[in-house]
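The structure file final_9.cif is reproduced below (mmCIF, C-alpha atoms and all ligand atoms).
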```
data_coords
loop_
_atom_site.label_atom_id
_atom_site.label_comp_id
_atom_site.auth_asym_id
_atom_site.auth_seq_id
_atom_site.Cartn_x
_atom_site.Cartn_y
_atom_site.Cartn_z
CA MET A 1 -14.05 -13.66 -4.00
CA ASP A 2 -10.88 -14.55 -2.31
CA ASP A 3 -9.11 -11.27 -1.71
CA ASP A 4 -6.97 -10.61 1.39
CA GLN A 5 -9.88 -9.47 3.54
CA SER A 6 -12.16 -12.39 2.89
CA SER A 7 -9.40 -14.90 3.37
CA ILE A 8 -8.94 -14.09 7.04
CA ARG A 9 -8.74 -17.50 8.52
CA LYS A 10 -9.27 -18.69 12.04
CA ASP A 11 -5.61 -19.55 12.47
CA ASN A 12 -4.24 -16.12 11.60
CA ILE A 13 -6.67 -14.06 13.65
CA PHE A 14 -4.37 -14.39 16.65
CA ASP A 15 -1.48 -12.84 14.69
CA LEU A 16 -3.61 -10.00 13.35
CA VAL A 17 -4.81 -9.09 16.83
CA ALA A 18 -1.37 -9.49 18.44
CA GLN A 19 0.30 -7.31 15.78
CA ASN A 20 -2.36 -4.67 16.18
CA SER A 21 -1.87 -4.72 19.94
CA ILE A 22 1.89 -4.20 19.58
CA ASP A 23 1.35 -1.37 17.15
CA PHE A 24 -0.89 0.49 19.62
CA LEU A 25 1.49 -0.12 22.53
CA ILE A 26 4.60 1.07 20.69
CA ASN A 27 2.86 4.26 19.66
CA SER A 28 1.42 4.94 23.08
CA LEU A 29 4.67 4.85 25.05
CA ASP A 30 6.63 7.33 23.01
CA GLU A 31 7.90 10.13 25.25
CA ASP A 32 6.49 12.83 22.98
CA GLU A 33 3.16 11.12 22.78
CA ILE A 34 2.85 10.99 26.59
CA ASN A 35 3.83 14.61 27.08
CA LYS A 36 2.25 16.30 24.10
CA LYS A 37 -0.61 14.03 23.10
CA THR A 38 -1.43 12.57 26.48
CA LYS A 39 -4.98 11.65 25.61
CA TYR A 40 -3.85 9.53 22.67
CA SER A 41 -1.15 7.86 24.71
CA ILE A 42 -3.77 6.71 27.22
CA ILE A 43 -6.27 5.57 24.62
CA ASN A 44 -3.64 3.79 22.54
CA PHE A 45 -2.07 2.12 25.56
CA SER A 46 -5.46 0.84 26.79
CA ALA A 47 -6.35 -0.38 23.30
CA GLY A 48 -2.99 -2.15 23.07
CA ILE A 49 -3.45 -3.95 26.40
CA GLU A 50 -7.06 -4.81 25.56
CA LEU A 51 -6.00 -6.39 22.25
CA LEU A 52 -3.16 -8.26 23.91
CA LEU A 53 -5.58 -9.87 26.37
CA LYS A 54 -7.94 -10.65 23.50
CA ALA A 55 -5.09 -12.21 21.54
CA ARG A 56 -4.35 -14.45 24.53
CA LEU A 57 -7.99 -15.62 24.53
CA ILE A 58 -8.15 -15.98 20.74
CA HIS A 59 -5.03 -18.15 20.87
CA GLU A 60 -7.12 -20.58 22.89
CA HIS A 61 -10.24 -20.13 20.78
CA TRP A 62 -11.68 -17.11 18.97
CA SER A 63 -15.17 -17.68 20.44
CA LEU A 64 -13.87 -16.92 23.96
CA VAL A 65 -13.99 -13.18 23.27
CA ILE A 66 -17.57 -13.23 21.98
CA ILE A 67 -20.66 -12.27 23.94
CA GLY A 68 -23.62 -14.51 23.08
CA GLU A 69 -23.86 -17.06 20.25
CA PRO A 70 -20.46 -17.24 18.49
CA ASN A 71 -20.58 -16.79 14.74
CA PHE A 72 -17.24 -16.73 12.94
CA GLN A 73 -18.52 -14.81 9.93
CA SER A 74 -19.83 -11.92 12.02
CA PHE A 75 -16.68 -11.99 14.20
CA LYS A 76 -14.51 -11.79 11.07
CA ASP A 77 -16.59 -8.92 9.71
CA GLY A 78 -16.16 -7.04 12.98
CA ASN A 79 -19.87 -7.15 13.76
CA ALA A 80 -19.84 -9.48 16.74
CA ARG A 81 -20.15 -8.11 20.27
CA THR A 82 -16.96 -8.85 22.16
CA LEU A 83 -16.12 -8.80 25.87
CA ASN A 84 -15.33 -5.44 27.36
CA PHE A 85 -11.93 -4.59 28.81
CA LYS A 86 -12.73 -5.40 32.43
CA ALA A 87 -14.16 -8.83 31.58
CA LEU A 88 -11.06 -10.05 29.74
CA LEU A 89 -8.78 -11.09 32.58
CA PRO A 90 -11.56 -12.90 34.51
CA GLN A 91 -12.38 -14.71 31.26
CA ILE A 92 -8.74 -15.72 30.82
CA LYS A 93 -8.70 -17.02 34.37
CA SER A 94 -11.90 -19.03 34.09
CA ALA A 95 -11.68 -20.24 30.48
CA ILE A 96 -7.98 -21.06 30.33
CA ASP A 97 -6.48 -23.45 32.77
CA GLY A 98 -3.41 -21.42 33.50
CA LYS A 99 -1.77 -19.58 36.33
CA ILE A 100 -2.03 -15.82 36.79
CA PRO A 101 0.36 -15.28 39.70
CA HIS A 102 -0.79 -11.79 40.66
CA TYR A 103 -4.40 -12.14 39.60
CA GLU A 104 -6.10 -9.71 42.02
CA LYS A 105 -3.41 -7.12 41.64
CA THR A 106 -3.46 -7.35 37.84
CA LYS A 107 -7.26 -7.18 37.73
CA ASN A 108 -7.29 -4.05 39.91
CA ALA A 109 -4.59 -2.38 37.85
CA LEU A 110 -6.48 -3.11 34.60
CA ASN A 111 -9.74 -1.81 36.06
CA LYS A 112 -8.05 1.42 37.08
CA LEU A 113 -6.61 1.78 33.59
CA ALA A 114 -10.05 1.22 32.04
CA ASP A 115 -11.64 3.83 34.32
CA HIS A 116 -9.00 6.43 33.45
CA ARG A 117 -9.35 5.67 29.77
CA ASN A 118 -13.10 6.18 29.94
CA LYS A 119 -12.71 9.52 31.67
CA TRP A 120 -10.32 10.71 29.01
CA ILE A 121 -12.55 9.53 26.20
CA HIS A 122 -15.69 11.14 27.58
CA PHE A 123 -14.72 14.22 29.57
CA TYR A 124 -11.15 15.32 29.20
CA HIS A 125 -9.73 17.46 26.53
CA GLU A 126 -6.02 17.86 25.95
CA SER A 127 -6.28 21.38 27.38
CA CYS A 128 -7.26 19.98 30.81
CA PHE A 129 -3.85 18.50 31.00
CA SER A 130 -1.22 20.69 32.52
CA SER A 131 2.36 19.57 32.48
CA THR A 132 3.12 22.18 35.11
CA THR A 133 0.86 20.62 37.74
CA GLY A 134 2.05 17.15 36.81
CA VAL A 135 -0.95 15.61 38.60
CA ASP A 136 -2.44 13.83 35.64
CA LEU A 137 0.90 12.75 34.26
CA ASP A 138 1.67 11.15 37.62
CA VAL A 139 -1.40 8.96 37.47
CA ILE A 140 -0.93 8.06 33.81
CA ILE A 141 2.72 7.10 34.17
CA ALA A 142 2.08 5.04 37.31
CA ASP A 143 -0.91 3.31 35.65
CA GLN A 144 0.96 2.40 32.51
CA PHE A 145 4.05 1.31 34.39
CA LEU A 146 2.18 -0.98 36.76
CA VAL A 147 -0.02 -2.56 34.07
CA TRP A 148 2.89 -3.11 31.71
CA PHE A 149 5.05 -4.60 34.47
CA LEU A 150 2.34 -7.13 35.40
CA ILE A 151 1.44 -8.02 31.81
CA LYS A 152 5.12 -8.33 30.82
CA GLU A 153 5.61 -10.84 33.63
CA LEU A 154 2.79 -12.96 32.17
CA ILE A 155 4.23 -12.69 28.64
CA ASP A 156 7.69 -13.67 29.90
CA ASP A 157 6.56 -16.63 31.99
CA GLU A 158 3.10 -18.15 31.73
CA TRP A 159 2.42 -16.98 28.16
CA SER A 160 5.97 -17.18 26.83
CA ASN A 161 5.31 -19.85 24.19
CA ILE A 162 2.26 -17.96 22.91
CA PHE A 163 3.93 -14.60 22.33
CA HIS A 164 7.48 -15.84 21.64
CA ILE A 165 7.47 -14.76 17.99
CA TYR A 166 6.90 -11.18 19.17
CA ARG A 167 9.85 -11.26 21.58
CA ASP A 168 11.74 -8.45 19.81
CA LYS A 169 8.72 -6.19 19.61
CA ILE A 170 7.91 -6.81 23.28
CA ALA A 171 11.52 -5.90 24.12
CA GLU A 172 11.06 -2.67 22.13
CA ILE A 173 7.96 -1.77 24.14
CA HIS A 174 9.79 -2.61 27.34
CA HIS A 175 12.65 -0.35 26.34
CA GLN A 176 10.21 2.54 25.91
CA ILE A 177 9.01 2.13 29.47
CA SER A 178 12.44 3.40 30.58
CA TYR A 179 11.00 6.89 30.20
CA HIS A 180 8.52 5.95 32.92
CA GLU A 181 11.36 4.67 35.08
CA LYS A 182 13.16 8.01 34.79
CA TYR A 183 9.96 9.84 35.66
CA LEU A 184 9.29 7.65 38.69
CA SER A 185 12.85 8.20 39.95
CA ILE A 186 12.26 11.94 39.90
CA LYS A 187 8.97 11.41 41.68
CA TYR A 188 10.74 9.34 44.33
CA ASP A 189 13.29 12.10 44.90
CA GLN A 190 10.46 14.57 45.37
CA LEU A 191 8.71 12.27 47.84
CA LYS A 192 11.85 11.44 49.84
CA PRO A 193 11.49 14.20 52.48
CA LYS A 194 7.86 13.19 53.10
CA ILE A 195 8.84 9.51 53.37
CA ASN A 196 11.68 10.33 55.80
CA GLN A 197 9.28 12.39 57.87
CA GLU A 198 6.82 9.48 58.03
CA ILE A 199 9.62 7.06 58.98
CA ALA A 200 10.63 9.45 61.78
CA ASN A 201 7.02 9.32 62.96
CA GLY A 202 7.13 5.52 63.12
CA ALA A 203 5.87 4.42 59.68
CA LYS A 204 7.48 1.40 58.01
CA PHE A 205 8.77 1.60 54.44
CA THR A 206 10.46 -0.98 52.28
CA TRP A 207 11.52 -1.55 48.67
CA CYS A 208 8.69 -1.79 46.14
CA SER A 209 8.58 -5.05 44.20
CA ILE A 210 7.53 -3.22 41.02
CA CYS A 211 9.44 0.07 40.73
CA GLY A 212 12.27 -0.82 43.10
CA HIS A 213 12.20 2.40 45.18
CA PRO A 214 12.13 2.26 48.99
CA SER A 215 8.70 3.86 48.84
CA PHE A 216 6.45 0.94 49.74
CA LYS A 217 4.54 1.99 52.85
CA ALA A 218 3.81 -1.18 54.82
CA ILE A 219 1.04 -1.53 57.35
CA LYS A 220 0.83 -4.52 59.67
CA THR A 221 -2.11 -6.85 59.12
CA GLU A 222 -4.21 -7.78 62.14
CA ARG A 223 -3.59 -11.49 62.40
CA THR A 224 0.15 -11.87 62.18
CA ALA A 225 2.97 -9.62 63.25
CA PHE A 226 5.15 -10.23 60.19
CA LEU A 227 2.57 -9.93 57.43
CA PHE A 228 2.17 -6.44 55.99
CA HIS A 229 0.06 -4.91 53.29
CA GLY A 230 0.58 -1.55 51.73
CA GLU A 231 1.03 0.66 48.74
CA CYS A 232 3.99 2.16 46.96
CA LEU A 233 3.80 5.97 47.04
CA VAL A 234 5.70 6.17 43.74
CA CYS A 235 4.03 3.64 41.42
CA HIS A 236 0.81 2.88 43.38
CA ASN A 237 1.55 -0.83 43.46
CA ASP A 238 -0.41 -2.44 46.26
CA ASP A 239 1.04 -5.60 47.62
CA VAL A 240 1.52 -7.88 50.59
CA ALA A 241 4.92 -8.46 52.14
CA ILE A 242 6.48 -10.54 54.85
CA MET A 243 8.75 -8.35 56.96
CA LEU A 244 10.96 -9.45 59.78
CA ASP A 245 14.02 -8.20 61.63
CA CYS A 246 17.21 -10.16 61.19
CA PRO A 247 17.89 -11.82 64.56
CA GLY A 248 21.59 -11.01 64.18
CA CYS A 249 21.67 -7.34 63.16
CA LYS A 250 18.02 -6.19 63.28
CA TYR A 251 18.12 -5.22 59.60
CA CYS A 252 14.54 -5.27 58.32
CA ILE A 253 14.13 -8.03 55.73
CA SER A 254 11.12 -7.77 53.44
CA LEU A 255 9.92 -10.40 51.00
CA PHE A 256 7.13 -10.24 48.47
CA GLN A 257 5.02 -13.05 47.05
CA GLY A 258 7.03 -15.60 45.10
CA GLU A 259 10.34 -14.28 46.47
CA LEU A 260 10.35 -16.40 49.56
CA MET A 261 12.89 -19.14 49.71
CA ASP A 262 13.74 -21.18 52.77
CA ASN A 263 17.19 -19.67 53.13
CA ILE A 264 18.15 -16.11 52.37
CA PHE A 265 21.12 -13.90 53.13
CA CYS A 266 20.58 -10.83 55.26
CA LYS A 267 21.67 -7.70 53.40
CA GLY A 268 22.68 -6.15 56.72
CA CYS A 269 25.11 -8.72 58.12
CA ASN A 270 25.26 -11.30 55.30
CA SER A 271 24.32 -14.14 57.63
CA GLU A 272 22.19 -16.98 56.28
CA LEU A 273 18.68 -17.09 57.61
CA ASN A 274 15.94 -19.69 57.37
CA VAL A 275 12.88 -17.49 56.85
CA LYS A 276 10.30 -20.01 57.92
CA MET A 277 12.19 -20.82 61.08
CA ALA A 278 12.67 -17.14 61.83
CA ILE A 279 8.95 -16.45 61.50
CA SER A 280 7.59 -19.54 63.21
CA THR A 281 6.51 -19.29 66.84
CA GLU A 282 5.44 -22.94 67.01
CA VAL A 283 6.97 -24.80 69.93
CA TYR A 284 8.94 -27.82 68.75
CA ASP A 285 7.54 -31.14 69.90
CA PRO A 286 10.55 -33.46 70.46
CA LYS A 287 8.42 -36.63 70.73
CA GLU A 288 6.32 -36.30 67.57
CA GLY A 289 8.33 -33.75 65.62
CA ASN A 290 6.32 -31.00 63.98
CA HIS A 291 4.37 -32.32 61.02
CA PRO A 292 4.52 -30.15 57.88
CA ILE A 293 1.67 -27.73 57.21
CA ASN A 294 0.59 -27.56 53.56
CA CYS A 295 -1.35 -24.87 51.73
CA ALA A 296 -4.33 -25.99 49.65
CA GLN A 297 -4.73 -22.49 48.17
CA CYS A 298 -1.49 -22.63 46.16
CA TRP A 299 -0.74 -26.37 46.39
CA SER A 300 2.50 -25.91 48.27
CA HIS A 301 3.87 -28.60 50.51
CA ASP A 302 5.25 -27.54 53.89
CA SER A 303 4.94 -23.85 53.07
CA VAL A 304 2.89 -22.74 56.07
CA VAL A 305 4.24 -21.32 59.33
CA VAL A 306 2.53 -20.83 62.64
CA HIS A 307 2.86 -17.34 63.95
CA ASP A 308 1.19 -16.19 67.16
CA GLU A 309 -2.52 -16.81 66.70
CA GLY A 310 -2.46 -17.55 62.99
CA TYR A 311 -1.15 -19.64 60.14
CA CYS A 312 0.34 -18.15 57.01
CA CYS A 313 1.51 -19.67 53.73
CA CYS A 314 4.97 -18.34 52.86
CA ASN A 315 4.34 -18.94 49.17
CA CYS A 316 0.97 -17.30 48.47
CA PHE A 317 0.57 -15.43 51.80
CA PHE A 318 -2.87 -16.93 52.41
CA ASP A 319 -3.52 -16.78 56.14
CA ASP A 320 -5.96 -18.56 58.37
CA ASP A 321 -6.94 -18.84 62.05
CA ASP A 322 -6.74 -22.58 62.14
CA CYS A 323 -5.32 -25.62 60.38
CA GLN A 324 -6.64 -29.17 59.98
CA GLU A 325 -4.79 -32.42 60.45
CA CYS A 326 -4.91 -35.52 58.23
CA GLU A 327 -6.02 -38.52 60.28
CA PHE A 328 -3.73 -40.79 58.26
CA CYS A 329 -0.35 -39.05 57.93
CA TYR A 330 -0.79 -36.25 60.52
CA GLU A 331 0.37 -33.60 58.08
CA ARG A 332 -1.60 -30.41 58.44
CA VAL A 333 -3.25 -28.10 55.90
CA ILE A 334 -4.79 -24.64 55.61
CA GLY A 335 -7.31 -23.51 53.00
CA ASP A 336 -8.91 -26.94 52.59
CA SER A 337 -12.45 -28.02 53.46
CA ASN A 338 -13.32 -30.67 55.99
CA LEU A 339 -10.73 -33.41 56.59
CA GLU A 340 -13.20 -35.78 58.24
CA GLY A 341 -12.69 -39.29 56.85
CA SER A 342 -9.14 -38.47 55.74
CA PHE A 343 -7.83 -41.67 57.39
CA ILE A 344 -9.42 -43.69 54.58
CA LEU A 345 -9.82 -41.14 51.81
CA GLY A 346 -6.96 -38.77 52.44
CA TYR A 347 -7.26 -35.15 51.33
CA SER A 348 -5.75 -32.83 48.71
CA PHE A 349 -2.14 -33.77 49.62
CA CYS A 350 -2.53 -37.39 50.66
CA ASP A 351 -4.31 -40.52 49.44
CA GLY A 352 -5.05 -41.84 52.93
CA ARG A 353 -5.04 -45.56 53.66
CA GLY A 354 -7.43 -46.32 50.78
CA VAL A 355 -10.71 -48.23 50.76
CA ASP A 356 -9.47 -51.58 49.47
CA LYS A 357 -7.27 -52.42 52.41
CA ASP A 358 -8.57 -54.03 55.56
ZN ZN B 401 6.61 1.21 43.36
ZN ZN B 402 21.40 -9.41 59.63
ZN ZN B 403 -0.23 -20.96 49.73
ZN ZN B 404 -2.51 -37.80 55.13
#
```
Output the structure of this file as structure tokens.
Amino acid sequence: MDDDQSSIRKDNIFDLVAQNSIDFLINSLDEDEINKKTKYSIINFSAGIELLLKARLIHEHWSLVIIGEPNFQSFKDGNARTLNFKALLPQIKSAIDGKIPHYEKTKNALNKLADHRNKWIHFYHESCFSSTTGVDLDVIIADQFLVWFLIKELIDDEWSNIFHIYRDKIAEIHHQISYHEKYLSIKYDQLKPKINQEIANGAKFTWCSICGHPSFKAIKTERTAFLFHGECLVCHNDDVAIMLDCPGCKYCISLFQGELMDNIFCKGCNSELNVKMAISTEVYDPKEGNHPINCAQCWSHDSVVVHDEGYCCCNCFFDDDDCQECEFCYERVIGDSNLEGSFILGYSFCDGRGVDKD
């Protein structure tokens, strides 16, 4: 027999799963669905995201989603055990040699989504949901918004040539998330008096890199004075930011991962500012010059600044107490193991002198 079902081939499984994912996502984000059939919006949205992650794995190889001995026949028949939701992103990270820029953040957001989905499947009935209290809707909207934002970034950048044929459908899903944006704006307006009160009491707030509202509450990390971590009170995005006062006008400049360039313009006084120089507290050595400090965590050259007692990479925000120096070129590095023997052998950023030479 060679009917449609039995002719499912390995090379069109990706498309079947991707189309199914898009179908679930489009249905889940409808305004009516969220408000009137909340439970189904959550379940459909989670299913859509789960299938999208599976499609990404299947694009590499269908067996990557299977638990145990892979057997294509049983996979095709829907009888194979496949990875659960929370295991998908770690599998993508370990099995596919690709970048996931906000890995930890994305993993946490997906785990939260999975937990909420499970609660709704097992315990909650539609009648538990009250649109007058708004409590549940708050969590659902923030969850969906954050997960979609992070996944969309992957689809647009790292995975763009895998999902490019679904560009229009992805744009349609993204358009539907505008309802969430409206909702979050209202939430921000409601929170504004509380935020202003906290600012008056000395708390620091800045713009959120996900929802764009000035509702990101930043708390200074212990090691360095300019590195902050925090959470957005509107969309629950947790993030790390570099924050510093413009030397000219004292306007507070905040930069999130991946946004940091060497030179930026202060929004307060429009003057050009070299961020690394503004942060660095390293004393300049006129005899030797200051050798660049590289980051072995994100493979960035000259991205690390010294600040007070610590070192921090301005690209990936990895920070460390100490740095090591290459015995051959005198460049420095954080996040690398022992540099002993680097004169001959070099290290991650340098080949050293080499063994063949005298
Ligand atoms: Zn936010
Ligand atoms: Zn300024
Ligand atoms: Zn780095
Ligand atoms: Zn070297």
Handout entry: Within-8 Å residues of ligand ZN 401 (chain B), basis only C-alpha atoms and all ligand atoms, as a list in words
Key = Trp207, Cys208, Ser209, Ile210, Cys211, Gly212, His213, Pro214, Ser215, Phe216, Glu231, Cys232, Leu233, Val234, Cys235, His236 and Asn237 of chain A
Given a cut-off of 10 Å, what residues near ligand ZN 403 (chain B) show up using all atoms listed in the file, put as a short mmCIF file (atom, residue, chain, number, x, y, z; two decimals) with C-alpha atoms, keeping the file's coordinate frame?
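Below you can see part.cif, which holds the result:
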```cif
data_model
loop_
_atom_site.label_atom_id
_atom_site.label_comp_id
_atom_site.auth_asym_id
_atom_site.auth_seq_id
_atom_site.Cartn_x
_atom_site.Cartn_y
_atom_site.Cartn_z
CA GLN A 257 5.02 -13.05 47.05
CA ASN A 294 0.59 -27.56 53.56
CA CYS A 295 -1.35 -24.87 51.73
CA ALA A 296 -4.33 -25.99 49.65
CA GLN A 297 -4.73 -22.49 48.17
CA CYS A 298 -1.49 -22.63 46.16
CA TRP A 299 -0.74 -26.37 46.39
CA SER A 300 2.50 -25.91 48.27
CA HIS A 301 3.87 -28.60 50.51
CA ASP A 302 5.25 -27.54 53.89
CA SER A 303 4.94 -23.85 53.07
CA VAL A 304 2.89 -22.74 56.07
CA CYS A 312 0.34 -18.15 57.01
CA CYS A 313 1.51 -19.67 53.73
CA CYS A 314 4.97 -18.34 52.86
CA ASN A 315 4.34 -18.94 49.17
CA CYS A 316 0.97 -17.30 48.47
CA PHE A 317 0.57 -15.43 51.80
CA PHE A 318 -2.87 -16.93 52.41
CA ASP A 319 -3.52 -16.78 56.14
CA VAL A 333 -3.25 -28.10 55.90
CA ILE A 334 -4.79 -24.64 55.61
CA GLY A 335 -7.31 -23.51 53.00
#
```
Handout entry: For A:Tyr311: contacts at 8 Å, only C-alpha atoms, fewer than 3 positions along chain excluded, given as a ChimeraX atom specification
Key = /A:304-307,319-323,334
Write out, as a PDB file, keeping the file's coordinate frame, the residues just selected, with C-alpha atoms.
```pdb
ATOM      1  CA  VAL A 304       2.890 -22.740  56.070  1.00  0.00           C
ATOM      2  CA  VAL A 305       4.240 -21.320  59.330  1.00  0.00           C
ATOM      3  CA  VAL A 306       2.530 -20.830  62.640  1.00  0.00           C
ATOM      4  CA  HIS A 307       2.860 -17.340  63.950  1.00  0.00           C
ATOM      5  CA  ASP A 319      -3.520 -16.780  56.140  1.00  0.00           C
ATOM      6  CA  ASP A 320      -5.960 -18.560  58.370  1.00  0.00           C
ATOM      7  CA  ASP A 321      -6.940 -18.840  62.050  1.00  0.00           C
ATOM      8  CA  ASP A 322      -6.740 -22.580  62.140  1.00  0.00           C
ATOM      9  CA  CYS A 323      -5.320 -25.620  60.380  1.00  0.00           C
ATOM     10  CA  ILE A 334      -4.790 -24.640  55.610  1.00  0.00           C
TER      11      ILE A 334
END
```
Considering only C-alpha atoms, return as an mmCIF file with C-alpha atoms, in the coordinates of the input whatever protein or nucleic-acid residues lie within 10 Å of A:His61, sequence-local ones (same chain, fewer than 2 positions apart) excluded.
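Below is the file that was written, out32.cif:
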```
data_model
loop_
_atom_site.group_PDB
_atom_site.id
_atom_site.type_symbol
_atom_site.label_atom_id
_atom_site.label_comp_id
_atom_site.auth_asym_id
_atom_site.auth_seq_id
_atom_site.Cartn_x
_atom_site.Cartn_y
_atom_site.Cartn_z
ATOM 1 C CA LYS A 10 -9.270 -18.690 12.040
ATOM 2 C CA ASP A 11 -5.610 -19.550 12.470
ATOM 3 C CA PHE A 14 -4.370 -14.390 16.650
ATOM 4 C CA ALA A 55 -5.090 -12.210 21.540
ATOM 5 C CA ARG A 56 -4.350 -14.450 24.530
ATOM 6 C CA LEU A 57 -7.990 -15.620 24.530
ATOM 7 C CA ILE A 58 -8.150 -15.980 20.740
ATOM 8 C CA HIS A 59 -5.030 -18.150 20.870
ATOM 9 C CA SER A 63 -15.170 -17.680 20.440
ATOM 10 C CA LEU A 64 -13.870 -16.920 23.960
ATOM 11 C CA VAL A 65 -13.990 -13.180 23.270
ATOM 12 C CA ALA A 95 -11.680 -20.240 30.480
ATOM 13 C CA ILE A 96 -7.980 -21.060 30.330
#
```
Mind running chain A against ligand ZN 404 (chain B) at 12 Å and telling me each contacting residue's nearest atom pair with the distance in Å (one decimal), counting only C-alpha atoms and all ligand atoms, chain and number ascending, as CSV?
```
residue,atom,partner,partner_atom,distance
A:His291,CA,B:ZN404,ZN,10.6
A:Pro292,CA,B:ZN404,ZN,10.7
A:Ile293,CA,B:ZN404,ZN,11.1
A:Asn294,CA,B:ZN404,ZN,10.8
A:Gln324,CA,B:ZN404,ZN,10.7
A:Glu325,CA,B:ZN404,ZN,7.9
A:Cys326,CA,B:ZN404,ZN,4.5
A:Glu327,CA,B:ZN404,ZN,6.3
A:Phe328,CA,B:ZN404,ZN,4.5
A:Cys329,CA,B:ZN404,ZN,3.8
A:Tyr330,CA,B:ZN404,ZN,5.9
A:Glu331,CA,B:ZN404,ZN,5.9
A:Arg332,CA,B:ZN404,ZN,8.1
A:Val333,CA,B:ZN404,ZN,9.8
A:Leu339,CA,B:ZN404,ZN,9.4
A:Glu340,CA,B:ZN404,ZN,11.3
A:Gly341,CA,B:ZN404,ZN,10.4
A:Ser342,CA,B:ZN404,ZN,6.7
A:Phe343,CA,B:ZN404,ZN,7.0
A:Ile344,CA,B:ZN404,ZN,9.1
A:Leu345,CA,B:ZN404,ZN,8.7
A:Gly346,CA,B:ZN404,ZN,5.3
A:Tyr347,CA,B:ZN404,ZN,6.6
A:Ser348,CA,B:ZN404,ZN,8.7
A:Phe349,CA,B:ZN404,ZN,6.8
A:Cys350,CA,B:ZN404,ZN,4.5
A:Asp351,CA,B:ZN404,ZN,6.6
A:Gly352,CA,B:ZN404,ZN,5.3
A:Arg353,CA,B:ZN404,ZN,8.3
A:Gly354,CA,B:ZN404,ZN,10.8
```
How would the residues just chosen look if you wrote them out with C-alpha atoms as a PDB file, in the coordinates of the input?
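File again09.pdb, as written:
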```
ATOM      1  CA  HIS A 291       4.370 -32.320  61.020  1.00  0.00           C
ATOM      2  CA  PRO A 292       4.520 -30.150  57.880  1.00  0.00           C
ATOM      3  CA  ILE A 293       1.670 -27.730  57.210  1.00  0.00           C
ATOM      4  CA  ASN A 294       0.590 -27.560  53.560  1.00  0.00           C
ATOM      5  CA  GLN A 324      -6.640 -29.170  59.980  1.00  0.00           C
ATOM      6  CA  GLU A 325      -4.790 -32.420  60.450  1.00  0.00           C
ATOM      7  CA  CYS A 326      -4.910 -35.520  58.230  1.00  0.00           C
ATOM      8  CA  GLU A 327      -6.020 -38.520  60.280  1.00  0.00           C
ATOM      9  CA  PHE A 328      -3.730 -40.790  58.260  1.00  0.00           C
ATOM     10  CA  CYS A 329      -0.350 -39.050  57.930  1.00  0.00           C
ATOM     11  CA  TYR A 330      -0.790 -36.250  60.520  1.00  0.00           C
ATOM     12  CA  GLU A 331       0.370 -33.600  58.080  1.00  0.00           C
ATOM     13  CA  ARG A 332      -1.600 -30.410  58.440  1.00  0.00           C
ATOM     14  CA  VAL A 333      -3.250 -28.100  55.900  1.00  0.00           C
ATOM     15  CA  LEU A 339     -10.730 -33.410  56.590  1.00  0.00           C
ATOM     16  CA  GLU A 340     -13.200 -35.780  58.240  1.00  0.00           C
ATOM     17  CA  GLY A 341     -12.690 -39.290  56.850  1.00  0.00           C
ATOM     18  CA  SER A 342      -9.140 -38.470  55.740  1.00  0.00           C
ATOM     19  CA  PHE A 343      -7.830 -41.670  57.390  1.00  0.00           C
ATOM     20  CA  ILE A 344      -9.420 -43.690  54.580  1.00  0.00           C
ATOM     21  CA  LEU A 345      -9.820 -41.140  51.810  1.00  0.00           C
ATOM     22  CA  GLY A 346      -6.960 -38.770  52.440  1.00  0.00           C
ATOM     23  CA  TYR A 347      -7.260 -35.150  51.330  1.00  0.00           C
ATOM     24  CA  SER A 348      -5.750 -32.830  48.710  1.00  0.00           C
ATOM     25  CA  PHE A 349      -2.140 -33.770  49.620  1.00  0.00           C
ATOM     26  CA  CYS A 350      -2.530 -37.390  50.660  1.00  0.00           C
ATOM     27  CA  ASP A 351      -4.310 -40.520  49.440  1.00  0.00           C
ATOM     28  CA  GLY A 352      -5.050 -41.840  52.930  1.00  0.00           C
ATOM     29  CA  ARG A 353      -5.040 -45.560  53.660  1.00  0.00           C
ATOM     30  CA  GLY A 354      -7.430 -46.320  50.780  1.00  0.00           C
TER      31      GLY A 354
END
```
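Around ligand ZN 402 (chain B), the neighbouring residues within 12 Å, taking only C-alpha atoms and all ligand atoms, come to A:Leu244, A:Asp245, A:Cys246, A:Pro247, A:Gly248, A:Cys249, A:Lys250, A:Tyr251, A:Cys252, A:Ile253, A:Ile264, A:Phe265, A:Cys266, A:Lys267, A:Gly268, A:Cys269, A:Asn270, A:Ser271, A:Glu272, A:Leu273, A:Asn274, A:Ala278.
Restricting the calculation to all atoms listed in the file, the smallest distance between A:Asn27 and any of A:His164, A:Asn44, A:Asp285, A:Ile151 is found for A:Asn44.
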Practice task
State, in Å with one decimal place, the distance from atom CA of A:Ser185 to atom CA of A:Leu137.
Solution key: 14.0 Å
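Reported to one decimal place, the separation of atom CA of A:Gly48 from atom CA of A:Ser21 is 4.2 Å.
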Exercise for the section: Kindly indicate which residue among A:Lys204, A:Lys194, A:Lys187, A:Lys86 lies nearest to A:Leu113, using only C-alpha atoms for the distances. Expected result: A:Lys86
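Take atom CA of A:Asp115 and atom CA of A:Ser46: the distance between them is 10.2 Å.
Remark: for A:Thr106, the closest of the candidate residues A:Asp238, A:Gln190, A:Asn71, A:Ser160 is A:Asp238 (distances computed over only C-alpha atoms).
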